[in-house]
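Notes follow the structure.
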Amino acid sequence: MASLAVAQAKTDAQLAKTDSKLNKLAEMYGGVGNNQGKVAEEFYYNSLKHNPELNGIRFDFIEKNVTRSKGGLEEEYDLLLVNGEDVYVVEVKYRLHPKDIERFVGRKAANFLKLYPEYQQYRIHLAMATFAVEEDVKRLALEQGVTLLQRRGDVIETVAA
């Protein structure tokens, strides 16, 4: 019995080491994903701030990472572009997946006017900005009435020292 207890203790110690390594890997992987998301958000924010126009509509201001909660409901919106008549709600993803579209249209867009009743009389437009999207996912977004923003062309700005 003593040898069984010793073996069990060794196994438990090895499992604890494995768990620790897995937790570190999960933390690193999550950090990479978060960093990619922040890069995409910063790119689209800077691009739209420089030229605040989507689908021929000019916007007076742009806000990023806007969070609002009301009555147990809370959402964060990556970018809001607003003028006196229109609001573009923009969700930014490094790589766009079908579940992102479902979550955006089914939940976040549906909750927008509940959280922002001041835009009740505005035309609400939905857009998703991404660095990578497959054709079938692009088609799905467009079928859902979601405008897509993709990176292309001259994207370099020189900031002199």
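Just remember, in the structure tokens the first chain shown is A, the second B, etc., residues are 1-based per chain, and ligands are 1-based in the order shown.
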Identify, on the basis of only C-alpha atoms, every residue whose closest approach to region 139-146 of chain A does not exceed 7 Å; exclude the query and any residue fewer than 6 positions from it along the same chain; express the result as an NGL selection string. :A and (101 or 126-128)
Picked from chain A by DSSP as strand (DSSP E or B), as an MDAnalysis selection string: chainID A and resid 53:54 57:58 61:70 73:82 86:95 123:132 146:150
Quick one: residues within 8 Å of Glu41 (chain A), only C-alpha atoms counted, chain neighbours fewer than 6 positions away excluded, as a count of residues only? 3
When you count only C-alpha atoms, which of these residues is closest to Ile62 (chain A): A:Thr18, A:Asn46, A:Thr130, A:Asn111?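 Closest to Ile62 (chain A), using only C-alpha atoms: A:Asn46.
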Apply DSSP to the backbone of this structure and, from region 7-145 of chain A, keep only the residues in alpha helix (DSSP H); write these as a PyMOL selection string. chain A and resi 7-50+98-103+109-115+135-143
Computed interatomic separation between CA of Leu80 (chain A) and CA of Lys64 (chain A) (Å): 6.5 Å
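Our summary of the geometry notes that CA of Ala109 (chain A) is positioned 11.7 Å from CA of Val87 (chain A).
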Quick check, in Å to one decimal: how far apart do CA of Ile57 (chain A) and CA of Phe131 (chain A) lie? 22.4 Å
Taking 5 positions as the minimum chain separation for residues in the same chain, which residues sit within 9 Å of His97 (chain A) when counting only C-alpha atoms? Answer as a ChimeraX atom specification. /A:133-134,137
For the selection just defined, write its residues with N, CA, C and O atoms to a file, as a PDB file, in the first residue's frame.
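The file below, part.pdb, is the result:
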ATOM      1  N   VAL A 133     -10.876  37.397 -43.998  1.00  0.00           N
ATOM      2  CA  VAL A 133     -12.224  36.827 -44.075  1.00  0.00           C
ATOM      3  C   VAL A 133     -12.314  35.948 -45.323  1.00  0.00           C
ATOM      4  O   VAL A 133     -11.854  36.336 -46.399  1.00  0.00           O
ATOM      5  N   GLU A 134     -12.892  34.761 -45.169  1.00  0.00           N
ATOM      6  CA  GLU A 134     -13.115  33.873 -46.301  1.00  0.00           C
ATOM      7  C   GLU A 134     -14.361  34.333 -47.055  1.00  0.00           C
ATOM      8  O   GLU A 134     -15.217  35.008 -46.507  1.00  0.00           O
ATOM      9  N   VAL A 137     -17.787  33.489 -45.519  1.00  0.00           N
ATOM     10  CA  VAL A 137     -18.078  34.309 -44.340  1.00  0.00           C
ATOM     11  C   VAL A 137     -18.445  35.724 -44.775  1.00  0.00           C
ATOM     12  O   VAL A 137     -19.364  36.340 -44.228  1.00  0.00           O
TER      13      VAL A 137
END
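Shortest atom-to-atom contact with Val66 (chain A) among A:Leu115, A:Val105, A:Val39, A:Ala5: A:Leu115, counting only C-alpha atoms.
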Given only C-alpha atoms as the basis, pick out the residue of A:Lys10, A:Lys138, A:Arg58, A:Lys70 nearest to Asp100 (chain A). A:Lys138
Hey, what's within 8 Å of Glu75 (chain A) if we count only C-alpha atoms and toss same-chain stuff fewer than 6 positions away? As a ChimeraX atom specification, please? /A:67-69,108,111
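Nearest to Tyr94 (chain A) of all the residues A:Ala40, A:Ala16, A:Leu73, A:Ala7 is A:Ala40, based on only C-alpha atoms.
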Counting only C-alpha atoms, the residue of A:Leu4, A:Leu96, A:Ala110, A:Leu79 that sits nearest Ala132 (chain A):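 Distance minimum relative to Ala132 (chain A) lands on A:Leu96.
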Using only C-alpha atoms, which of A:Val89, A:Leu15, A:Leu81, A:Ala129 sits nearest Leu113 (chain A)?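 Using only C-alpha atoms, the shortest distance to Leu113 (chain A) belongs to A:Val89.
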Please provide as a PyMOL selection string all residues within 12 Å of Phe59 (chain A), with the sequence filter that same-chain residues fewer than 3 positions apart are discarded (counting only C-alpha atoms). chain A and resi 48-56+62-63+80-88
Saved selection, atoms kept: N, CA, C and O atoms, as a PDB file, in the first residue's frame:
ATOM      1  N   LEU A  48     -10.323  55.343 -39.865  1.00  0.00           N
ATOM      2  CA  LEU A  48     -11.616  56.038 -39.920  1.00  0.00           C
ATOM      3  C   LEU A  48     -11.543  57.433 -39.309  1.00  0.00           C
ATOM      4  O   LEU A  48     -12.267  58.336 -39.729  1.00  0.00           O
ATOM      5  N   LYS A  49     -10.663  57.617 -38.351  1.00  0.00           N
ATOM      6  CA  LYS A  49     -10.469  58.957 -37.786  1.00  0.00           C
ATOM      7  C   LYS A  49      -9.865  59.880 -38.854  1.00  0.00           C
ATOM      8  O   LYS A  49     -10.248  61.038 -38.971  1.00  0.00           O
ATOM      9  N   HIS A  50      -8.949  59.330 -39.635  1.00  0.00           N
ATOM     10  CA  HIS A  50      -8.313  60.102 -40.705  1.00  0.00           C
ATOM     11  C   HIS A  50      -9.311  60.426 -41.816  1.00  0.00           C
ATOM     12  O   HIS A  50      -9.283  61.518 -42.384  1.00  0.00           O
ATOM     13  N   ASN A  51     -10.195  59.467 -42.123  1.00  0.00           N
ATOM     14  CA  ASN A  51     -11.198  59.674 -43.165  1.00  0.00           C
ATOM     15  C   ASN A  51     -12.530  59.117 -42.647  1.00  0.00           C
ATOM     16  O   ASN A  51     -12.873  57.965 -42.920  1.00  0.00           O
ATOM     17  N   PRO A  52     -13.282  59.931 -41.898  1.00  0.00           N
ATOM     18  CA  PRO A  52     -14.515  59.442 -41.256  1.00  0.00           C
ATOM     19  C   PRO A  52     -15.693  59.341 -42.231  1.00  0.00           C
ATOM     20  O   PRO A  52     -16.675  60.079 -42.134  1.00  0.00           O
ATOM     21  N   GLU A  53     -15.570  58.404 -43.168  1.00  0.00           N
ATOM     22  CA  GLU A  53     -16.615  58.218 -44.162  1.00  0.00           C
ATOM     23  C   GLU A  53     -16.794  56.732 -44.439  1.00  0.00           C
ATOM     24  O   GLU A  53     -15.817  56.008 -44.629  1.00  0.00           O
ATOM     25  N   LEU A  54     -18.045  56.295 -44.454  1.00  0.00           N
ATOM     26  CA  LEU A  54     -18.389  54.927 -44.822  1.00  0.00           C
ATOM     27  C   LEU A  54     -19.585  54.957 -45.755  1.00  0.00           C
ATOM     28  O   LEU A  54     -20.575  55.637 -45.465  1.00  0.00           O
ATOM     29  N   ASN A  55     -19.489  54.235 -46.873  1.00  0.00           N
ATOM     30  CA  ASN A  55     -20.583  54.162 -47.848  1.00  0.00           C
ATOM     31  C   ASN A  55     -21.102  55.541 -48.262  1.00  0.00           C
ATOM     32  O   ASN A  55     -22.308  55.753 -48.402  1.00  0.00           O
ATOM     33  N   GLY A  56     -20.185  56.486 -48.413  1.00  0.00           N
ATOM     34  CA  GLY A  56     -20.569  57.826 -48.845  1.00  0.00           C
ATOM     35  C   GLY A  56     -21.162  58.697 -47.756  1.00  0.00           C
ATOM     36  O   GLY A  56     -21.604  59.813 -48.028  1.00  0.00           O
ATOM     37  N   ILE A  62     -16.003  59.957 -34.026  1.00  0.00           N
ATOM     38  CA  ILE A  62     -15.832  58.519 -33.884  1.00  0.00           C
ATOM     39  C   ILE A  62     -15.409  58.231 -32.453  1.00  0.00           C
ATOM     40  O   ILE A  62     -14.587  58.949 -31.888  1.00  0.00           O
ATOM     41  N   GLU A  63     -16.010  57.216 -31.879  1.00  0.00           N
ATOM     42  CA  GLU A  63     -15.648  56.780 -30.536  1.00  0.00           C
ATOM     43  C   GLU A  63     -15.182  55.339 -30.614  1.00  0.00           C
ATOM     44  O   GLU A  63     -15.668  54.576 -31.440  1.00  0.00           O
ATOM     45  N   LEU A  80     -17.962  53.512 -32.863  1.00  0.00           N
ATOM     46  CA  LEU A  80     -19.224  54.161 -33.211  1.00  0.00           C
ATOM     47  C   LEU A  80     -18.882  55.401 -34.022  1.00  0.00           C
ATOM     48  O   LEU A  80     -18.103  56.243 -33.571  1.00  0.00           O
ATOM     49  N   LEU A  81     -19.450  55.509 -35.212  1.00  0.00           N
ATOM     50  CA  LEU A  81     -19.303  56.694 -36.040  1.00  0.00           C
ATOM     51  C   LEU A  81     -20.663  57.377 -36.070  1.00  0.00           C
ATOM     52  O   LEU A  81     -21.665  56.726 -36.364  1.00  0.00           O
ATOM     53  N   VAL A  82     -20.687  58.670 -35.751  1.00  0.00           N
ATOM     54  CA  VAL A  82     -21.963  59.357 -35.571  1.00  0.00           C
ATOM     55  C   VAL A  82     -21.957  60.696 -36.303  1.00  0.00           C
ATOM     56  O   VAL A  82     -20.955  61.418 -36.299  1.00  0.00           O
ATOM     57  N   ASN A  83     -23.091  61.000 -36.938  1.00  0.00           N
ATOM     58  CA  ASN A  83     -23.376  62.350 -37.412  1.00  0.00           C
ATOM     59  C   ASN A  83     -24.798  62.661 -36.941  1.00  0.00           C
ATOM     60  O   ASN A  83     -25.329  61.956 -36.089  1.00  0.00           O
ATOM     61  N   GLY A  84     -25.429  63.644 -37.452  1.00  0.00           N
ATOM     62  CA  GLY A  84     -26.757  64.023 -36.972  1.00  0.00           C
ATOM     63  C   GLY A  84     -27.890  63.106 -37.380  1.00  0.00           C
ATOM     64  O   GLY A  84     -28.992  63.203 -36.850  1.00  0.00           O
ATOM     65  N   GLU A  85     -27.637  62.193 -38.315  1.00  0.00           N
ATOM     66  CA  GLU A  85     -28.704  61.324 -38.834  1.00  0.00           C
ATOM     67  C   GLU A  85     -28.358  59.842 -38.825  1.00  0.00           C
ATOM     68  O   GLU A  85     -29.254  59.007 -38.840  1.00  0.00           O
ATOM     69  N   ASP A  86     -27.082  59.513 -38.826  1.00  0.00           N
ATOM     70  CA  ASP A  86     -26.638  58.131 -38.983  1.00  0.00           C
ATOM     71  C   ASP A  86     -25.692  57.728 -37.863  1.00  0.00           C
ATOM     72  O   ASP A  86     -24.930  58.554 -37.358  1.00  0.00           O
ATOM     73  N   VAL A  87     -25.738  56.432 -37.540  1.00  0.00           N
ATOM     74  CA  VAL A  87     -24.772  55.829 -36.619  1.00  0.00           C
ATOM     75  C   VAL A  87     -24.287  54.542 -37.268  1.00  0.00           C
ATOM     76  O   VAL A  87     -25.097  53.706 -37.675  1.00  0.00           O
ATOM     77  N   TYR A  88     -22.977  54.403 -37.401  1.00  0.00           N
ATOM     78  CA  TYR A  88     -22.397  53.145 -37.836  1.00  0.00           C
ATOM     79  C   TYR A  88     -21.849  52.464 -36.599  1.00  0.00           C
ATOM     80  O   TYR A  88     -21.018  53.021 -35.883  1.00  0.00           O
TER      81      TYR A  88
END
